[in-house]
>>> print(open('upload08.cif').read())   # mmCIF, C-alpha atoms and all ligand atoms
data_target
loop_
_atom_site.label_atom_id
_atom_site.label_comp_id
_atom_site.auth_asym_id
_atom_site.auth_seq_id
_atom_site.Cartn_x
_atom_site.Cartn_y
_atom_site.Cartn_z
CA MET B 857 -20.98 -45.56 -14.34
CA THR B 858 -21.53 -43.67 -11.09
CA LYS B 859 -22.33 -45.95 -8.21
CA LYS B 860 -24.99 -45.27 -5.65
CA GLU B 861 -24.94 -46.14 -1.96
CA ILE B 862 -27.84 -48.21 -0.78
CA SER B 863 -28.83 -49.94 2.42
CA LEU B 864 -30.56 -53.33 2.45
CA THR B 865 -31.64 -55.25 5.52
CA ILE B 866 -31.40 -58.88 4.53
CA ASN B 867 -32.37 -61.68 6.89
CA GLY B 868 -32.16 -59.20 9.76
CA THR B 869 -28.69 -57.84 8.94
CA GLU B 870 -28.22 -54.37 7.52
CA HIS B 871 -25.83 -54.11 4.57
CA GLU B 872 -24.42 -50.93 3.00
CA LEU B 873 -23.65 -51.46 -0.67
CA GLU B 874 -22.34 -49.41 -3.58
CA VAL B 875 -24.11 -50.46 -6.73
CA GLU B 876 -24.46 -49.27 -10.29
CA PRO B 877 -28.00 -48.03 -10.96
CA ARG B 878 -28.42 -50.81 -13.54
CA LYS B 879 -27.62 -53.62 -11.11
CA LEU B 880 -30.50 -56.00 -10.51
CA LEU B 881 -31.45 -56.88 -6.96
CA VAL B 882 -30.88 -60.58 -7.63
CA HIS B 883 -27.29 -59.85 -8.66
CA ALA B 884 -26.69 -57.68 -5.58
CA ILE B 885 -28.02 -60.48 -3.37
CA ARG B 886 -26.04 -63.24 -5.04
CA GLU B 887 -22.82 -61.49 -6.05
CA ASP B 888 -22.34 -58.72 -3.48
CA LEU B 889 -23.77 -60.52 -0.48
CA ASP B 890 -22.98 -64.11 -1.51
CA LEU B 891 -26.51 -65.29 -0.72
CA THR B 892 -26.74 -67.77 -3.56
CA GLY B 893 -29.86 -69.54 -2.27
CA THR B 894 -31.81 -67.08 -4.41
CA HIS B 895 -31.65 -68.52 -7.93
CA ILE B 896 -31.68 -67.02 -11.39
CA GLY B 897 -33.64 -68.99 -13.95
CA CYS B 898 -34.58 -66.61 -16.72
CA ASP B 899 -33.70 -63.00 -15.82
CA THR B 900 -36.93 -61.95 -17.53
CA GLY B 901 -39.56 -62.30 -14.81
CA ASN B 902 -41.02 -65.56 -16.07
CA CYS B 903 -39.78 -68.35 -13.81
CA GLY B 904 -39.94 -67.04 -10.23
CA ALA B 905 -36.67 -68.72 -9.17
CA CYS B 906 -35.41 -65.35 -7.96
CA THR B 907 -38.39 -64.60 -5.70
CA VAL B 908 -37.58 -62.98 -2.35
CA TYR B 909 -39.82 -61.62 0.40
CA MET B 910 -39.46 -57.84 0.39
CA ASP B 911 -41.41 -55.49 2.66
CA GLY B 912 -44.26 -57.95 3.07
CA GLN B 913 -44.53 -59.13 -0.53
CA ALA B 914 -43.11 -61.80 -2.78
CA VAL B 915 -40.96 -59.94 -5.30
CA LYS B 916 -39.09 -61.21 -8.34
CA SER B 917 -35.64 -59.86 -7.69
CA CYS B 918 -34.66 -60.00 -11.37
CA LEU B 919 -37.37 -57.43 -12.09
CA THR B 920 -36.17 -55.04 -9.39
CA PHE B 921 -33.13 -52.80 -9.50
CA ALA B 922 -31.04 -52.90 -6.35
CA VAL B 923 -31.45 -49.13 -6.01
CA GLN B 924 -35.23 -49.58 -5.94
CA ALA B 925 -34.81 -51.81 -2.89
CA ASP B 926 -32.85 -49.15 -0.96
CA GLY B 927 -34.09 -49.14 2.66
CA SER B 928 -36.04 -52.38 2.25
CA GLU B 929 -36.29 -55.38 4.53
CA ILE B 930 -35.74 -58.57 2.58
CA THR B 931 -35.85 -62.23 3.50
CA THR B 932 -34.17 -64.81 1.32
CA VAL B 933 -34.42 -68.55 1.74
CA GLU B 934 -31.32 -68.46 3.95
CA GLY B 935 -33.27 -66.43 6.51
CA MET B 936 -36.21 -68.81 6.84
CA GLU B 937 -34.59 -70.89 9.53
CA ASP B 938 -34.38 -67.80 11.76
CA HIS B 939 -38.01 -66.82 11.24
CA PRO B 940 -40.05 -66.83 14.49
CA ASP B 941 -42.20 -69.67 13.08
CA ALA B 942 -39.17 -71.91 12.54
CA GLY B 943 -39.24 -74.95 14.80
CA MET B 944 -43.05 -75.13 15.04
CA GLY B 945 -43.03 -78.53 13.35
CA GLU B 946 -40.89 -81.56 13.90
CA SER B 947 -37.58 -79.91 13.08
CA ASP B 948 -35.73 -76.62 13.46
CA LEU B 949 -36.78 -75.65 9.96
CA HIS B 950 -39.54 -73.23 9.08
CA PRO B 951 -42.76 -75.23 8.52
CA ILE B 952 -42.69 -74.33 4.81
CA GLN B 953 -39.20 -75.77 4.44
CA GLU B 954 -40.22 -78.79 6.48
CA GLY B 955 -43.30 -79.21 4.29
CA PHE B 956 -41.17 -79.33 1.13
CA ARG B 957 -38.94 -81.93 2.73
CA GLU B 958 -41.68 -84.06 4.23
CA MET B 959 -44.09 -83.98 1.28
CA HIS B 960 -41.40 -84.50 -1.37
CA GLY B 961 -42.08 -81.04 -2.79
CA LEU B 962 -38.87 -80.84 -4.79
CA GLN B 963 -36.77 -82.81 -7.17
CA CYS B 964 -33.87 -80.80 -8.64
CA GLY B 965 -34.62 -77.99 -6.19
CA TYR B 966 -33.97 -75.16 -8.62
CA CYS B 967 -37.39 -73.60 -8.17
CA THR B 968 -37.60 -74.34 -4.45
CA PRO B 969 -36.21 -71.12 -2.90
CA GLY B 970 -38.59 -69.04 -4.99
CA MET B 971 -41.50 -71.36 -4.21
CA ILE B 972 -40.74 -71.09 -0.49
CA MET B 973 -40.68 -67.31 -0.60
CA SER B 974 -43.95 -67.15 -2.54
CA ALA B 975 -45.48 -69.56 -0.02
CA ARG B 976 -44.25 -67.39 2.81
CA ALA B 977 -45.92 -64.32 1.33
CA LEU B 978 -49.14 -66.28 0.95
CA LEU B 979 -49.17 -67.65 4.50
CA GLU B 980 -48.31 -64.27 6.04
CA GLU B 981 -51.35 -62.78 4.33
CA ASN B 982 -53.66 -65.80 4.37
CA PRO B 983 -52.63 -68.30 7.06
CA ASP B 984 -55.11 -71.00 6.03
CA PRO B 985 -55.43 -70.91 2.24
CA THR B 986 -57.50 -73.20 0.05
CA GLU B 987 -55.81 -75.37 -2.56
CA GLU B 988 -56.97 -72.94 -5.22
CA GLU B 989 -55.42 -70.02 -3.33
CA ILE B 990 -52.15 -71.93 -2.98
CA ARG B 991 -52.09 -72.67 -6.71
CA GLU B 992 -52.82 -69.02 -7.47
CA SER B 993 -50.01 -67.86 -5.16
CA ILE B 994 -47.38 -69.98 -6.94
CA SER B 995 -48.69 -69.29 -10.43
CA GLY B 996 -45.67 -67.04 -11.07
CA ASN B 997 -43.22 -69.80 -10.11
CA LEU B 998 -42.35 -72.44 -12.67
CA CYS B 999 -41.30 -75.96 -11.75
CA ARG B 1000 -40.10 -78.23 -14.50
CA CYS B 1001 -39.83 -81.34 -12.33
CA THR B 1002 -42.63 -81.99 -9.90
CA GLY B 1003 -45.93 -81.35 -11.67
CA TYR B 1004 -46.76 -79.05 -8.72
CA GLN B 1005 -48.89 -81.62 -6.83
CA ASN B 1006 -46.38 -82.14 -4.03
CA ILE B 1007 -45.53 -78.43 -3.89
CA VAL B 1008 -49.18 -77.74 -3.11
CA LYS B 1009 -49.12 -80.52 -0.49
CA ALA B 1010 -45.95 -79.01 1.01
CA ILE B 1011 -47.64 -75.65 1.48
CA GLN B 1012 -50.76 -77.34 2.89
CA TYR B 1013 -48.45 -79.18 5.32
CA ALA B 1014 -47.00 -75.84 6.44
CA ALA B 1015 -50.47 -74.35 6.89
CA ASP B 1016 -51.46 -77.37 9.00
CA VAL B 1017 -48.43 -76.97 11.27
CA MET B 1018 -48.86 -73.21 11.58
CA ASN B 1019 -52.55 -73.61 12.44
CA GLY B 1020 -51.88 -76.23 15.11
CA ARG B 1021 -53.26 -79.15 13.09
CA GLU B 1022 -51.57 -82.49 12.67
CA PRO B 1023 -49.93 -82.50 9.24
CA PRO B 1024 -50.33 -85.54 6.97
CA GLU B 1025 -47.89 -88.41 7.21
CA SER B 1026 -44.83 -87.98 5.08
CA PRO B 1027 -44.70 -90.29 2.05
CA VAL B 1028 -40.93 -89.86 2.17
CA GLU B 1029 -40.61 -91.32 5.65
CA HIS B 1030 -43.12 -94.08 4.96
CA GLY B 1031 -41.56 -95.37 1.78
CA GLU B 1032 -44.10 -94.35 -0.92
CA ALA B 1033 -41.50 -92.04 -2.39
CA ALA B 1034 -38.08 -93.43 -1.58
CA GLU B 1035 -35.45 -90.94 -0.56
CA PRO B 1036 -32.65 -90.82 -3.13
CA GLU B 1037 -29.37 -92.33 -2.07
CA ALA B 1038 -26.46 -89.97 -1.80
CA ALA B 1039 -23.96 -90.39 -4.61
CA SER B 1040 -20.96 -92.39 -3.50
CA ASP B 1041 -18.68 -89.43 -4.20
CA GLY B 1042 -20.76 -87.29 -1.88
CA GLY B 1043 -22.07 -85.28 -4.82
CA THR B 1044 -25.54 -84.96 -6.27
CA PRO B 1045 -27.87 -87.69 -5.02
CA MET B 1046 -29.33 -89.85 -7.79
CA CYS B 1047 -32.86 -91.13 -7.85
CA GLU B 1048 -33.61 -94.69 -8.88
CA ALA B 1049 -36.41 -94.12 -11.38
CA ASP B 1050 -35.93 -95.96 -14.70
CA ASP B 1051 -36.42 -92.71 -16.60
CA CYS B 1052 -34.50 -90.51 -14.18
CA CYS B 1053 -33.81 -87.12 -15.75
CA MET B 1054 -30.41 -87.04 -14.04
CA ASP B 1055 -29.33 -90.38 -15.47
CA VAL B 1056 -27.12 -88.90 -18.17
CA ASP B 1057 -24.33 -90.62 -20.08
CA THR B 1058 -21.30 -88.70 -18.88
CA ASP B 1059 -19.07 -90.38 -21.50
CA PHE B 1060 -21.21 -89.05 -24.33
CA GLU B 1061 -19.26 -87.12 -26.95
CA PRO B 1062 -21.23 -84.96 -29.35
CA PRO B 1063 -20.76 -85.71 -33.07
CA GLY B 1064 -18.44 -83.33 -34.86
CA GLY B 1065 -15.73 -83.04 -32.26
CA ASP B 1066 -15.09 -81.04 -29.15
CA HIS B 1067 -17.65 -78.26 -28.70
CA LYS B 1068 -16.37 -75.66 -26.26
S1 LIG A 1101 -34.91 -65.26 -12.73
FE1 LIG A 1101 -36.41 -63.87 -12.04
S2 LIG A 1101 -38.29 -64.63 -12.78
FE2 LIG A 1101 -36.79 -65.98 -13.60
S1 LIG A 1102 -37.90 -79.16 -8.44
FE1 LIG A 1102 -36.84 -78.92 -10.32
S2 LIG A 1102 -37.63 -77.07 -11.11
FE2 LIG A 1102 -38.89 -77.48 -9.40
#
>>> encode(input="upload08.cif", output="structure tokens")
Amino acid sequence: MTKKEISLTINGTEHELEVEPRKLLVHAIREDLDLTGTHIGCDTGNCGACTVYMDGQAVKSCLTFAVQADGSEITTVEGMEDHPDAGMGESDLHPIQEGFREMHGLQCGYCTPGMIMSARALLEENPDPTEEEIRESISGNLCRCTGYQNIVKAIQYAADVMNGREPPESPVEHGEAAEPEAASDGGTPMCEADDCCMDVDTDFEPPGGDHK
């Protein structure tokens, strides 16, 4: 298939790419530019894990062909730390990222990059949203872990910081939601809940032999 030359400015850096017309933007971002912070959950526009900030809007990059984004300015989650608002809070992070960390707005983290980009689009357009407006803005982003409560609090935290208000105390720092201990092998941290969804039996063998 004939390839087409496109130019994408991602996180402030211009990239010239040759892509097939059928290539999705999410695949160009992840595979051609190695920016794997943008996730793929469904490839059908339902989950929002692939959301990026493109030309002032939150866009699901699995519903956009790379050629449609030619000439666009895109921010992915990797670019949030370089945003002018980064460092407004207690860390070098963007207040939205800090809000997710401080308010325990993630568990497995799969939805988080897309949530952060949807929150960014909201706060650029509406710097002091109501809870209802926050919930509406993330209605295209699915989270299978958190029940959304702490995601809403994370975005409210960011709005507080960005509007010069004192954000609420972090339940993470103050022990209401204990931070998970890092796994001893340096791998995925495990939580300590009795019904932890990550507490899988790694020795389990499925009945009927070795399924490859
Ligand atoms: S991967 Fe794009 S919406 Fe799910
Ligand atoms: S934190 Fe796991 S999907 Fe949202």
>>> residues_around(input="upload08.cif", residues="Asp911 of chain B", least_positions_apart="3", cutoff="12 Å", atoms="all atoms listed in the file", output="PDB file with C-alpha atoms, keeping the file's coordinate frame")
ATOM      1  CA  LEU B 864     -30.560 -53.330   2.450  1.00  0.00           C
ATOM      2  CA  THR B 865     -31.640 -55.250   5.520  1.00  0.00           C
ATOM      3  CA  ILE B 866     -31.400 -58.880   4.530  1.00  0.00           C
ATOM      4  CA  ASN B 867     -32.370 -61.680   6.890  1.00  0.00           C
ATOM      5  CA  VAL B 908     -37.580 -62.980  -2.350  1.00  0.00           C
ATOM      6  CA  ALA B 914     -43.110 -61.800  -2.780  1.00  0.00           C
ATOM      7  CA  VAL B 915     -40.960 -59.940  -5.300  1.00  0.00           C
ATOM      8  CA  ALA B 925     -34.810 -51.810  -2.890  1.00  0.00           C
ATOM      9  CA  ASP B 926     -32.850 -49.150  -0.960  1.00  0.00           C
ATOM     10  CA  GLY B 927     -34.090 -49.140   2.660  1.00  0.00           C
ATOM     11  CA  SER B 928     -36.040 -52.380   2.250  1.00  0.00           C
ATOM     12  CA  GLU B 929     -36.290 -55.380   4.530  1.00  0.00           C
ATOM     13  CA  ILE B 930     -35.740 -58.570   2.580  1.00  0.00           C
ATOM     14  CA  THR B 931     -35.850 -62.230   3.500  1.00  0.00           C
ATOM     15  CA  THR B 932     -34.170 -64.810   1.320  1.00  0.00           C
ATOM     16  CA  ALA B 977     -45.920 -64.320   1.330  1.00  0.00           C
ATOM     17  CA  GLU B 980     -48.310 -64.270   6.040  1.00  0.00           C
TER      18      GLU B 980
END
>>> residues_near_ligand(input="upload08.cif", ligand="ligand LIG 1102 (chain A)", cutoff="12 Å", atoms="all atoms listed in the file", output="VMD selection string")
chain B and resid 895 to 897 903 to 905 956 to 957 960 to 972 994 997 to 1007 1053 to 1054
>>> closest_residue(input="upload08.cif", among="B:Met944, B:Ala884, B:Ile862, B:Cys918", to="ligand LIG 1101 (chain A)", atoms="all atoms listed in the file")
B:Cys918
>>> atom_distance(input="upload08.cif", atom1="atom CA of Glu937 of chain B", atom2="atom CA of His950 of chain B")
5.5 Å
>>> axis_aligned_box(input="upload08.cif", around="ligand LIG 1101 (chain A)", padding_each_side="3 Å", output="AutoDock Vina command-line options")
--center_x -36.6 --center_y -64.9 --center_z -12.8 --size_x 9.4 --size_y 8.1 --size_z 7.6
>>> atom_distance(input="upload08.cif", atom1="atom FE1 of ligand LIG 1101 (chain A)", atom2="atom CA of Lys916 of chain B")
5.3 Å
>>> atom_distance(input="upload08.cif", atom1="atom CA of Ala922 of chain B", atom2="atom CA of Leu978 of chain B")
23.7 Å
>>> residues_around(input="upload08.cif", residues="Pro877 of chain B", least_positions_apart="6", cutoff="10 Å", atoms="all atoms listed in the file", output="tab-separated table (two decimals) with C-alpha atoms, keeping the file's coordinate frame")
chain	number	residue	atom	x	y	z
B	857	MET	CA	-20.98	-45.56	-14.34
B	858	THR	CA	-21.53	-43.67	-11.09
B	859	LYS	CA	-22.33	-45.95	-8.21
B	860	LYS	CA	-24.99	-45.27	-5.65
B	861	GLU	CA	-24.94	-46.14	-1.96
B	921	PHE	CA	-33.13	-52.80	-9.50
B	922	ALA	CA	-31.04	-52.90	-6.35
B	923	VAL	CA	-31.45	-49.13	-6.01
B	924	GLN	CA	-35.23	-49.58	-5.94
>>> closest_residue(input="upload08.cif", among="B:Leu873, B:Thr920, B:Thr894, B:Tyr909", to="Ala975 of chain B", atoms="all atoms listed in the file")
B:Tyr909
